[in-house]
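Inspection log for the structure reproduced underneath, given as structure tokens.
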Protein chains: 2
Amino acid sequence: MSVDKHFMDVFFNPDSVAVVGASRNRGTANYWLVANLLNLKYPGKVYPVNPNADEILGLKCYPSVRDIAEKVDLAAISVPANATPAVVRDCVAKGVKGAVIIAGGFSETGANGRGLQDEVKKLIKDAGIRCIGPNSLSPVNSANNFIIGFGQAEKLPRGRLSFIFQSGLYQPRLNYLLNELHINLSKLIDLGNKMDVNEVDALEYLSQDDSTGVICMHLESIAGDGRRFFKILKEITPKKPVIILKSGRTPAGAKAASSHTGAMIKSSDTVFETAFRQAGALRVQGLDEFFDLAKIFEYYPPMTGNRIAIATFSGGEGVITTDFCYLNGLQLAQPSEASVKVLRSISPPWGIPPNPFDTGVANQFNTTDVISTYVDTLADDPNVDCMAIQVSGPQTLVTVDSTDRLTKWAERYKAAVKKGKRVVVWVIDPRYTVDMTATLEAARIPVYPSAERAVRALGALYRYGAEREGER
Amino acid sequence: MSVDKHFMDVFFNPDSVAVVGASRNRGTANYWLVANLLNLKYPGKVYPVNPNADEILGLKCYPSVRDIAEKVDLAAISVPANATPAVVRDCVAKGVKGAVIIAGGFSETGANGRGLQDEVKKLIKDAGIRCIGPNSLSPVNSANNFIIGFGQAEKLPRGRLSFIFQSGLYQPRLNYLLNELHINLSKLIDLGNKMDVNEVDALEYLSQDDSTGVICMHLESIAGDGRRFFKILKEITPKKPVIILKSGRTPAGAKAASSHTGAMIKSSDTVFETAFRQAGALRVQGLDEFFDLAKIFEYYPPMTGNRIAIATFSGGEGVITTDFCYLNGLQLAQPSEASVKVLRSISPPWGIPPNPFDTGVANQFNTTDVISTYVDTLADDPNVDCMAIQVSGPQTLVTVDSTDRLTKWAERYKAAVKKGKRVVVWVIDPRYTVDMTATLEAARIPVYPSAERAVRALGALYRYGAEREGER
């Protein structure tokens with residue numbers, strides 16, 4: 001089945017969208033529903049719906065979805081829960097194919113909310129309309145700049161990574177994801193209460209989507225057919241890495257999840273753990289790891305070798321990094337004789353080990369650019385699969401102009417990547433992290449805030465690659 | 001024994017220091033050895049020693065330590081390894097009490113270096129001089145602004161936390177520690193190769209030091225008497241929390257450690273693990289956790305209650321945070337009826353759970369300052385021991401001026417702390433982290449980059465407090 005035939009496609013590639021609850025007031029979340037579509041130049045038709053406005057952001061505004069004369073593919077509904085059934089009736093009358101219900105206040109809130117949700121569910125089922133939510137803030141598709149979201153989206157850089165979120169936790173992070181984490185996005189969906197569309201649909205759609213190469217999934221529960229979910233998961237993981245953050249994994253977390261999206265977590269976490277592993281998914285424990293892995297899998301193809309070269313500003317950090325390599329399934333590379341000779345030439349007179357290499361000490365005995373020499377040398381070394389390199393802010397021992405040097409380093413790293421090495425960098429001083437990250441990630445070198453996180457990401461890239469190789 | 005009678009005291013409170021290898025060249029690391037002492041107004045006498053200069057930074061410069069007419073307590077020696085024995089002979093002739101040897105190139109490098117180190121060791125043993133290093137960059141004492149270090153130290157904020165480092169890994173982080181992590185320091189020592197002074201001496205000294213309330217220790221090996229080390233450790237942990245990062249804990253890491261500081265790691269990591277636990281130390285796995293715990297123990301006294309209130313910008317993040325609370329031994333507080341009533345008044349009409357509390361949703365239904373109300377309410381709640389609160393950058397749903405609001409929040413948090421609550425905050429967008437952290441930590445509210453790290457730190461504060469209570 002081609003993805004444009006999948007029922008979910010209307011949520012990502014609608015020709016026209018009605019935005020119900022659209023607002024002219026820049027201070028409200030609903031303002032951005034329409035503003036983002038216009039600012040980012042979504043090429044489809046946008047129909048603001050609000051009985052109290054004639055025009056919103058230069059577009060004609062309609063009192064109801066029924067009043068729109070043209071065809072409407074999708075309705076994004078952002079009105080309070082108790083006003084939602086009437087809007088859905090309008091959508092049924094209009095004949096929309098899909099609806100996104102943004103408001104909370106449904107099944108997650110108790111008997112009244114459940115009643116409302118059941119009412120809406122019956123309406124859409126009877127009419128054959130597919131629905132995301134309620135309690136959802138999405139979707140996003142970078143291919144056509146289609147975005148339903150609160151808060152200003154500055155840009156949607158296109159890439160091969162798609163996200164499935166259980167809820168809107170990504171929302172305050174959206175610009176961070178796109179502009180600071182420098183992740184290039186394919187699609188994003190927030191499932192919310194999963195009244196109709198659930199994680200099985202979303203996973204199936206993205207598994208068939210050619211523009212999605214990596215899937216990152218945040219889940220609180222499996223609302224759909226669990227057997228089918230794990231079957232699709234197992235089929236797709238050899239082709240596309242799937243990173244999963246399943247929360248509500250502790251008794252306290254499970255209880256919180258049930259108040260959050262009405263999720264009923266029936267299985268113990270051990271069952272999930274085993275099932276994810278058997279299906280070849282990469283399970284992560286928290287949001288740090290989730291986005292760390294998202295980044296490396298978006299930046300790099302998996303790797304099948306695990307021989308790592310480490311360069312740090314101090315020997316102590318080299319030892320700590322080595323421990324983390326071991327714990328993450330990476331082994332210290334033994335650089336070739338040719339490499340060792342070059343590294344010795346930039347070492348102090350008494351010689352220091354080539355791996356982990358102490359660039360802090362080497363810098364004290366060299367006027368040359370130690371890091372460039374290091375990276376260029378190991379880029380050609382057949383004994384090395386990947387490098388983890390510590391860079392630092394301008395207040396360290398490196399006294400040359402750091403912006404120039406960093407730009408130069410970024411080029412050297414990039415050249416090493418072209419030669420098949422995976423290079424990750426960590427930056428230790430938060431004052432310089434944002435700028436240094438921007439420079440390095442513009443060259444598509446992933447940057448992390450610590451050795452342990454850099455190495456953990458690289459370890460996952462290897463674990464995935466090695467497992468896939470084992471399957472061949 | 002009082003700390004000023006301990007032999008180690010000469011390293012922290014010398015009346016005079018000779019800096020051998022001092023440099024006038026701002027571009028070199030050795031420049032900062034003298035410059036930091038002058039800039040920070042160390043009140044003792046500073047004698048630069050360098051045969052190629054008459055004056056350094058306005059101070060008379062001596063060709064050798066022997067040429068200094070006045071008494072010299074401590075010599076900080078920063079000359080190459082093979083030039084070190086001659087300098088040590090000068091120190092012996094001069095009658096200095098202590099020496100710090102900064103250069104590497106000794107026992108960590110093989111037979112030649114070991115020979116050099118043995119030569120120096122014999123010299124100091126015969127003369128009764130005590131010695132830190134070689135391969136050490138320290139000490140630091142905030143009480144008298146005494147600092148031996150490369151790179152500019154901007155300031156030394158005084159506090160109750162002391163560090164013991166195996167090596168100079170802290171060096172590129174020094175300004176980060178003091179100015180970004182906002183840790184107030186008591187003393188810092190870098191042990192290096194531990195030719196003479198070792199971790200047992202350092203721990204003993206700090207355990208007796210009244211101005212040290214928390215000890216953070218980075219170790220690669222135990223070079224001294226292990227039995228005595230664990231005896232001192234066990235005696236001090238009930239009075240002062242001791243946080244330990246023991247690296248070289250994997251086979252690969254242990255090998256790297258032996259090339260780094262010549263450390264011989266004889267025991268398996270399991271032995272260390274058990275011994276640290278039995279002694280009541282808090283063992284951490286990496287530098288993120290090391291500094292995260294350093295911060296919370298420096299900011300707050302331990303806590304004996306584990307009832308936590310969580311406020312997040314999204315329900316999904318609340319569930320994830322709840323999982324981490326459970327895994328870190330914290331349990332969700334059940335807010336009092338009075339608190340629930342107030343939280344309901346700032347909730348959407350359908351009601352949301354009080355814990356974890358979704359400030360993102362509450363904000364949509366309120367023009368009041370949700371977070372201030374939240375914090376003020378729970379500050380008075382006897383059912384709550386601590387709070388973990390997510391704050392975010394200005395691009396989120398909160399559209400009021402964020403600097404003003406943040407300053408206001410900091411005051412509310414501070415008021416809650418005065419009422420005995422422990423408050424931690426996490427900030428999700430790196431673009432705003434540095435500034436927001438500065439604002440909040442100026443009010444002594446510790447800030448972390450993620451929920452998992454905020455909660456892990458709080459969990460350690462409770463674990464320590466609960467264990468101490470159990471001992472009473």
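How things are named: the first chain in the structure tokens is A, the next is B, and so on; residues count from 1 in each chain; ligands count from 1 in the order shown.
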
*Near Ile371 (chain B), within 12 Å and counting only C-alpha atoms, which residues show up once chain neighbours fewer than 2 positions away are dropped, as an MDAnalysis selection string?*
chainID B and resid 310:313 343 346:347 357:363 366:369 373:379 387:392 398 405:406 408:413 425

*asked:* List the spatial neighbours of Asn82 (chain A) as number ranges by chain - criterion: any atom at most 12 Å away, only C-alpha atoms, same-chain residues fewer than 6 positions off excluded.
replied: A: 88, 101, 103-106, 112-117, 119-120, 134; B: 349-350

Can those selected residues be exported to a file as a PDB file, in the first residue's frame so that it contains N, CA, C and O atoms?
```
ATOM      1  N   VAL A  88     -18.124  19.187  15.588  1.00  0.00           N
ATOM      2  CA  VAL A  88     -17.968  17.920  14.864  1.00  0.00           C
ATOM      3  C   VAL A  88     -19.210  17.661  13.997  1.00  0.00           C
ATOM      4  O   VAL A  88     -19.091  17.187  12.860  1.00  0.00           O
ATOM      5  N   ILE A 101      -8.774  17.069  17.119  1.00  0.00           N
ATOM      6  CA  ILE A 101      -9.413  17.747  18.260  1.00  0.00           C
ATOM      7  C   ILE A 101      -8.333  18.096  19.282  1.00  0.00           C
ATOM      8  O   ILE A 101      -7.662  17.213  19.834  1.00  0.00           O
ATOM      9  N   ALA A 103      -8.577  20.312  22.126  1.00  0.00           N
ATOM     10  CA  ALA A 103      -8.913  20.546  23.540  1.00  0.00           C
ATOM     11  C   ALA A 103      -8.745  19.299  24.397  1.00  0.00           C
ATOM     12  O   ALA A 103      -8.955  18.170  23.957  1.00  0.00           O
ATOM     13  N   GLY A 104      -8.343  19.532  25.658  1.00  0.00           N
ATOM     14  CA  GLY A 104      -8.436  18.511  26.689  1.00  0.00           C
ATOM     15  C   GLY A 104      -9.797  18.634  27.341  1.00  0.00           C
ATOM     16  O   GLY A 104     -10.619  19.479  26.967  1.00  0.00           O
ATOM     17  N   GLY A 105     -10.067  17.792  28.335  1.00  0.00           N
ATOM     18  CA  GLY A 105     -11.339  17.843  29.039  1.00  0.00           C
ATOM     19  C   GLY A 105     -12.242  16.695  28.615  1.00  0.00           C
ATOM     20  O   GLY A 105     -13.467  16.767  28.780  1.00  0.00           O
ATOM     21  N   PHE A 106     -11.659  15.629  28.083  1.00  0.00           N
ATOM     22  CA  PHE A 106     -12.450  14.482  27.629  1.00  0.00           C
ATOM     23  C   PHE A 106     -12.224  13.270  28.549  1.00  0.00           C
ATOM     24  O   PHE A 106     -12.285  13.412  29.770  1.00  0.00           O
ATOM     25  N   ASN A 112     -17.933  12.873  33.150  1.00  0.00           N
ATOM     26  CA  ASN A 112     -18.466  13.887  32.234  1.00  0.00           C
ATOM     27  C   ASN A 112     -17.679  13.920  30.929  1.00  0.00           C
ATOM     28  O   ASN A 112     -18.255  13.915  29.841  1.00  0.00           O
ATOM     29  N   GLY A 113     -16.358  13.984  31.075  1.00  0.00           N
ATOM     30  CA  GLY A 113     -15.481  14.062  29.912  1.00  0.00           C
ATOM     31  C   GLY A 113     -15.600  12.807  29.056  1.00  0.00           C
ATOM     32  O   GLY A 113     -15.576  12.874  27.828  1.00  0.00           O
ATOM     33  N   ARG A 114     -15.714  11.663  29.731  1.00  0.00           N
ATOM     34  CA  ARG A 114     -15.846  10.409  28.981  1.00  0.00           C
ATOM     35  C   ARG A 114     -17.120  10.431  28.163  1.00  0.00           C
ATOM     36  O   ARG A 114     -17.158   9.971  27.024  1.00  0.00           O
ATOM     37  N   GLY A 115     -18.181  10.988  28.756  1.00  0.00           N
ATOM     38  CA  GLY A 115     -19.457  11.111  28.050  1.00  0.00           C
ATOM     39  C   GLY A 115     -19.305  11.957  26.791  1.00  0.00           C
ATOM     40  O   GLY A 115     -19.774  11.580  25.710  1.00  0.00           O
ATOM     41  N   LEU A 116     -18.630  13.079  26.934  1.00  0.00           N
ATOM     42  CA  LEU A 116     -18.387  13.960  25.785  1.00  0.00           C
ATOM     43  C   LEU A 116     -17.606  13.229  24.698  1.00  0.00           C
ATOM     44  O   LEU A 116     -17.922  13.325  23.504  1.00  0.00           O
ATOM     45  N   GLN A 117     -16.568  12.513  25.130  1.00  0.00           N
ATOM     46  CA  GLN A 117     -15.720  11.818  24.161  1.00  0.00           C
ATOM     47  C   GLN A 117     -16.517  10.732  23.433  1.00  0.00           C
ATOM     48  O   GLN A 117     -16.387  10.566  22.210  1.00  0.00           O
ATOM     49  N   GLU A 119     -19.669  10.755  22.853  1.00  0.00           N
ATOM     50  CA  GLU A 119     -20.593  11.438  21.937  1.00  0.00           C
ATOM     51  C   GLU A 119     -19.876  11.776  20.616  1.00  0.00           C
ATOM     52  O   GLU A 119     -20.377  11.494  19.520  1.00  0.00           O
ATOM     53  N   VAL A 120     -18.678  12.336  20.760  1.00  0.00           N
ATOM     54  CA  VAL A 120     -17.893  12.702  19.571  1.00  0.00           C
ATOM     55  C   VAL A 120     -17.515  11.453  18.780  1.00  0.00           C
ATOM     56  O   VAL A 120     -17.596  11.412  17.548  1.00  0.00           O
ATOM     57  N   PRO A 134      -9.077  13.395  21.174  1.00  0.00           N
ATOM     58  CA  PRO A 134      -8.843  14.784  21.611  1.00  0.00           C
ATOM     59  C   PRO A 134      -7.547  14.894  22.422  1.00  0.00           C
ATOM     60  O   PRO A 134      -6.918  13.877  22.696  1.00  0.00           O
TER      61      PRO A 134
ATOM     62  N   PRO B 349     -11.976  24.083  33.786  1.00  0.00           N
ATOM     63  CA  PRO B 349     -13.267  23.742  34.391  1.00  0.00           C
ATOM     64  C   PRO B 349     -13.420  22.257  34.731  1.00  0.00           C
ATOM     65  O   PRO B 349     -14.068  21.922  35.716  1.00  0.00           O
ATOM     66  N   TRP B 350     -12.821  21.390  33.922  1.00  0.00           N
ATOM     67  CA  TRP B 350     -13.041  19.954  34.169  1.00  0.00           C
ATOM     68  C   TRP B 350     -12.134  19.411  35.271  1.00  0.00           C
ATOM     69  O   TRP B 350     -12.264  18.256  35.670  1.00  0.00           O
TER      70      TRP B 350
END
```

*Find the residues near region 20-31 of chain B: any atom within 8 Å, counting only C-alpha atoms, skip ones fewer than 2 places away on the same chain, and give them as an MDAnalysis selection string.*
(chainID A and resid 397 399) or (chainID B and resid 18 33:35 48:50 56:57 64:65 75:79 87 150:151)

*asked:* Which residue is closest to chain A? Choose from B:Thr84, B:Thr212, B:Ser314, B:Thr274 and count only C-alpha atoms.
replied: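 Counting only C-alpha atoms, the residue closest to chain A is B:Ser314.
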
_Close residues, region 336-338 of chain B itself excluded, 7 Å, only C-alpha atoms, min 2 positions apart in chain, as an NGL selection string_ = :B and (334 or 340-342 or 381 or 383)

*Tell me which of A:Asp429, A:Glu317, A:Asp118, A:Glu471 sits closest to His260 (chain B), counting only C-alpha atoms.*
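Checking each candidate against His260 (chain B), we get A:Glu317 as the closest.
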
_Pick from A:Ala81, A:Val92, A:Val424, A:Leu458, whichever lies nearest to chain B using only C-alpha atoms_ = A:Ala81

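Within 7 Å of region 225-235 of chain B, once only C-alpha atoms are used and residues closer than 5 positions along the same chain are dropped, the contacting residues are B:Val200, B:Glu204, B:Ala279, B:Gly280.
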
*When DSSP works through the backbone of this structure, what residues of region 263-371 of chain A end up as strand (DSSP E), shown as a count of residues only?*
13

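Straight-line separation from CA of Val72 (chain B) to CA of Ala86 (chain B): 17.1 Å.
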
_Of the listed residues B:Gly224, B:Pro43, B:Gly286, B:Pro51, that which approaches chain A most closely, counting only C-alpha atoms_ =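 Answer, going by the shortest atom-to-atom distance: B:Gly286.
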
_Taking 5 positions as the minimum chain separation for residues in the same chain, which residues sit within 7 Å of region 441-453 of chain A when counting only C-alpha atoms? Answer as a list in words._
His182, Lys295, Ile296, Tyr299, Thr321, Phe324, Ala410, Lys414, Val423, Val424, Val425, Trp426, Val427 and Ile428 of chain A; Gly286 of chain B

Create the file for the chosen residues now, containing all heavy atoms and written as a compact mmCIF listing (two decimals), in the first residue's frame.
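New file again-v3.txt:
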```txt
# COMPACT_ATOMS: atom_id res chain seq x y z
N HIS A 182 18.76 21.02 16.07
CA HIS A 182 19.08 20.94 14.65
C HIS A 182 18.69 19.60 14.05
O HIS A 182 19.46 18.98 13.33
CB HIS A 182 20.56 21.23 14.42
CG HIS A 182 20.99 22.54 15.03
ND1 HIS A 182 21.78 22.61 16.14
CD2 HIS A 182 20.71 23.81 14.70
CE1 HIS A 182 21.98 23.87 16.48
NE2 HIS A 182 21.34 24.63 15.63
N LYS A 295 18.78 12.55 17.64
CA LYS A 295 19.76 13.35 16.91
C LYS A 295 20.76 12.47 16.16
O LYS A 295 20.96 12.65 14.96
CB LYS A 295 20.51 14.27 17.88
CG LYS A 295 21.42 15.25 17.17
CD LYS A 295 22.34 15.97 18.13
CE LYS A 295 21.72 17.24 18.66
NZ LYS A 295 22.66 18.02 19.49
N ILE A 296 21.35 11.52 16.83
CA ILE A 296 22.41 10.76 16.16
C ILE A 296 21.85 9.92 15.02
O ILE A 296 22.48 9.79 13.96
CB ILE A 296 23.24 9.91 17.15
CG1 ILE A 296 24.63 9.68 16.53
CG2 ILE A 296 22.57 8.60 17.53
CD1 ILE A 296 25.70 9.30 17.49
N TYR A 299 21.29 12.22 12.14
CA TYR A 299 22.52 12.71 11.53
C TYR A 299 23.27 11.62 10.76
O TYR A 299 23.87 11.91 9.73
CB TYR A 299 23.45 13.29 12.60
CG TYR A 299 23.14 14.71 13.01
CD1 TYR A 299 21.85 15.10 13.35
CD2 TYR A 299 24.13 15.68 13.06
CE1 TYR A 299 21.56 16.39 13.72
CE2 TYR A 299 23.86 16.98 13.44
CZ TYR A 299 22.57 17.34 13.77
OH TYR A 299 22.30 18.63 14.14
N THR A 321 35.47 8.67 30.04
CA THR A 321 34.86 8.40 28.73
C THR A 321 35.08 6.95 28.32
O THR A 321 34.18 6.31 27.78
CB THR A 321 35.46 9.36 27.68
OG1 THR A 321 35.35 10.70 28.16
CG2 THR A 321 34.71 9.25 26.35
N PHE A 324 32.58 4.73 29.95
CA PHE A 324 31.27 4.79 29.30
C PHE A 324 31.27 4.07 27.94
O PHE A 324 30.26 3.49 27.55
CB PHE A 324 30.79 6.24 29.15
CG PHE A 324 30.18 6.77 30.41
CD1 PHE A 324 30.87 7.66 31.23
CD2 PHE A 324 28.93 6.35 30.81
CE1 PHE A 324 30.31 8.12 32.42
CE2 PHE A 324 28.35 6.82 32.00
CZ PHE A 324 29.05 7.70 32.80
N ALA A 410 35.14 22.02 12.51
CA ALA A 410 33.91 21.50 11.92
C ALA A 410 34.20 20.94 10.52
O ALA A 410 33.69 19.89 10.14
CB ALA A 410 32.84 22.58 11.87
N LYS A 414 33.86 17.06 9.37
CA LYS A 414 33.01 16.76 8.22
C LYS A 414 33.78 15.90 7.20
O LYS A 414 33.23 14.95 6.63
CB LYS A 414 32.60 18.08 7.57
CG LYS A 414 31.31 18.05 6.83
CD LYS A 414 30.91 19.46 6.42
CE LYS A 414 29.84 19.45 5.37
NZ LYS A 414 29.43 20.83 5.03
N VAL A 423 31.54 10.91 13.84
CA VAL A 423 32.20 11.82 14.79
C VAL A 423 31.15 12.46 15.69
O VAL A 423 30.17 13.03 15.20
CB VAL A 423 32.98 12.92 14.03
CG1 VAL A 423 33.68 13.86 15.02
CG2 VAL A 423 34.00 12.30 13.07
N VAL A 424 31.33 12.35 16.98
CA VAL A 424 30.48 13.09 17.92
C VAL A 424 31.36 13.96 18.80
O VAL A 424 32.53 13.66 19.02
CB VAL A 424 29.61 12.17 18.82
CG1 VAL A 424 28.64 11.35 18.00
CG2 VAL A 424 30.48 11.27 19.68
N VAL A 425 30.78 15.04 19.25
CA VAL A 425 31.52 16.04 20.00
C VAL A 425 30.77 16.33 21.29
O VAL A 425 29.55 16.26 21.31
CB VAL A 425 31.65 17.31 19.12
CG1 VAL A 425 31.93 18.54 19.94
CG2 VAL A 425 32.72 17.11 18.05
N TRP A 426 31.50 16.60 22.37
CA TRP A 426 30.80 17.18 23.51
C TRP A 426 31.49 18.48 23.95
O TRP A 426 32.69 18.64 23.82
CB TRP A 426 30.60 16.21 24.67
CG TRP A 426 31.80 15.84 25.49
CD1 TRP A 426 32.17 16.35 26.70
CD2 TRP A 426 32.76 14.81 25.19
NE1 TRP A 426 33.30 15.73 27.16
CE2 TRP A 426 33.69 14.78 26.27
CE3 TRP A 426 32.94 13.92 24.14
CZ2 TRP A 426 34.77 13.90 26.31
CZ3 TRP A 426 34.03 13.06 24.16
CH2 TRP A 426 34.91 13.05 25.24
N VAL A 427 30.64 19.37 24.42
CA VAL A 427 31.06 20.71 24.80
C VAL A 427 30.76 20.85 26.29
O VAL A 427 29.68 20.48 26.73
CB VAL A 427 30.24 21.77 24.03
CG1 VAL A 427 30.58 23.17 24.48
CG2 VAL A 427 30.46 21.62 22.53
N ILE A 428 31.73 21.34 27.08
CA ILE A 428 31.52 21.26 28.52
C ILE A 428 31.01 22.54 29.18
O ILE A 428 30.55 22.51 30.29
CB ILE A 428 32.78 20.79 29.27
CG1 ILE A 428 33.95 21.73 29.03
CG2 ILE A 428 33.09 19.37 28.91
CD1 ILE A 428 35.17 21.38 29.86
N GLY B 286 28.96 9.28 36.47
CA GLY B 286 29.62 10.13 35.47
C GLY B 286 29.68 11.56 35.95
O GLY B 286 29.21 11.88 37.05
```

*Measuring atom to atom with only C-alpha atoms, identify which of B:Leu188, B:Leu38, B:Leu327, B:Leu123 is nearest to chain A.*
B:Leu327

*Could you state the separation of CA of Ala223 (chain B) and CA of Val197 (chain B) in Å, given to one decimal place?*
9.5 Å

*asked:* Quick check, in Å to one decimal: how far apart do CA of His218 (chain B) and CA of Val19 (chain B) lie?
replied: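 Between these atoms lies a distance of 26.2 Å.
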
*asked:* Quick one: residues within 10 Å of Gly159 (chain B), only C-alpha atoms, excluding same-chain residues fewer than 2 positions away - as an NGL selection string?
replied: :B and (142-143 or 156-157 or 161-162 or 183-187 or 211-214 or 298-299)

Let me see the file: selected residues, N, CA, C and O atoms, as an mmCIF file, in the first residue's frame.
```cif
data_model
loop_
_atom_site.group_PDB
_atom_site.id
_atom_site.type_symbol
_atom_site.label_atom_id
_atom_site.label_comp_id
_atom_site.auth_asym_id
_atom_site.auth_seq_id
_atom_site.Cartn_x
_atom_site.Cartn_y
_atom_site.Cartn_z
ATOM 1 N N SER B 142 39.170 28.958 48.823
ATOM 2 C CA SER B 142 38.438 30.216 48.630
ATOM 3 C C SER B 142 38.590 31.158 49.824
ATOM 4 O O SER B 142 38.431 32.361 49.701
ATOM 5 N N ALA B 143 38.918 30.612 51.007
ATOM 6 C CA ALA B 143 38.977 31.437 52.222
ATOM 7 C C ALA B 143 40.052 32.511 52.118
ATOM 8 O O ALA B 143 39.910 33.604 52.665
ATOM 9 N N LEU B 156 36.329 33.345 43.130
ATOM 10 C CA LEU B 156 36.251 32.137 43.961
ATOM 11 C C LEU B 156 35.162 32.335 45.021
ATOM 12 O O LEU B 156 35.447 32.682 46.154
ATOM 13 N N PRO B 157 33.909 32.098 44.647
ATOM 14 C CA PRO B 157 32.835 32.310 45.625
ATOM 15 C C PRO B 157 32.985 31.319 46.790
ATOM 16 O O PRO B 157 33.187 30.129 46.567
ATOM 17 N N LEU B 161 31.521 23.557 50.016
ATOM 18 C CA LEU B 161 31.793 22.348 49.244
ATOM 19 C C LEU B 161 33.260 22.248 48.860
ATOM 20 O O LEU B 161 33.839 23.209 48.352
ATOM 21 N N SER B 162 33.868 21.097 49.107
ATOM 22 C CA SER B 162 35.263 20.881 48.707
ATOM 23 C C SER B 162 35.366 19.714 47.736
ATOM 24 O O SER B 162 34.620 18.743 47.841
ATOM 25 N N ILE B 183 28.440 27.050 42.148
ATOM 26 C CA ILE B 183 28.810 26.316 43.354
ATOM 27 C C ILE B 183 29.758 27.189 44.171
ATOM 28 O O ILE B 183 30.700 27.752 43.637
ATOM 29 N N ASN B 184 29.457 27.313 45.436
ATOM 30 C CA ASN B 184 30.351 28.047 46.325
ATOM 31 C C ASN B 184 31.340 27.067 46.937
ATOM 32 O O ASN B 184 30.952 26.041 47.496
ATOM 33 N N LEU B 185 32.589 27.403 46.802
ATOM 34 C CA LEU B 185 33.669 26.458 47.052
ATOM 35 C C LEU B 185 34.318 26.701 48.398
ATOM 36 O O LEU B 185 34.462 27.839 48.829
ATOM 37 N N SER B 186 34.746 25.613 49.019
ATOM 38 C CA SER B 186 35.654 25.763 50.145
ATOM 39 C C SER B 186 37.071 25.487 49.627
ATOM 40 O O SER B 186 37.823 26.411 49.399
ATOM 41 N N LYS B 187 37.387 24.219 49.376
ATOM 42 C CA LYS B 187 38.753 23.874 48.933
ATOM 43 C C LYS B 187 38.711 22.905 47.764
ATOM 44 O O LYS B 187 37.717 22.201 47.572
ATOM 45 N N SER B 211 35.432 24.330 57.553
ATOM 46 C CA SER B 211 34.808 25.098 56.479
ATOM 47 C C SER B 211 34.358 24.199 55.322
ATOM 48 O O SER B 211 33.808 24.674 54.337
ATOM 49 N N THR B 212 34.580 22.889 55.447
ATOM 50 C CA THR B 212 34.090 21.935 54.442
ATOM 51 C C THR B 212 32.873 21.203 54.988
ATOM 52 O O THR B 212 32.966 20.529 56.015
ATOM 53 N N GLY B 213 31.735 21.329 54.296
ATOM 54 C CA GLY B 213 30.515 20.655 54.730
ATOM 55 C C GLY B 213 30.113 19.509 53.820
ATOM 56 O O GLY B 213 29.340 18.628 54.193
ATOM 57 N N VAL B 214 30.607 19.537 52.604
ATOM 58 C CA VAL B 214 30.301 18.503 51.608
ATOM 59 C C VAL B 214 31.602 18.181 50.875
ATOM 60 O O VAL B 214 32.359 19.098 50.530
ATOM 61 N N GLU B 298 25.391 21.266 47.919
ATOM 62 C CA GLU B 298 25.954 22.552 48.302
ATOM 63 C C GLU B 298 24.834 23.561 48.574
ATOM 64 O O GLU B 298 24.963 24.432 49.427
ATOM 65 N N TYR B 299 23.741 23.415 47.844
ATOM 66 C CA TYR B 299 22.636 24.366 48.000
ATOM 67 C C TYR B 299 21.762 24.069 49.209
ATOM 68 O O TYR B 299 21.256 24.981 49.847
#
```

*Please return as JSON, numbers by chain: the residues of region 345-441 of chain B that backbone DSSP assigns to alpha helix (DSSP H).*
{"B": [345, 359, 360, 361, 362, 363, 364, 370, 371, 372, 373, 374, 375, 376, 377, 378, 379, 402, 403, 404, 405, 406, 407, 408, 409, 410, 411, 412, 413, 414, 415, 416, 417, 418, 430, 431, 432, 433, 434, 435, 436, 437, 438, 439, 440, 441]}
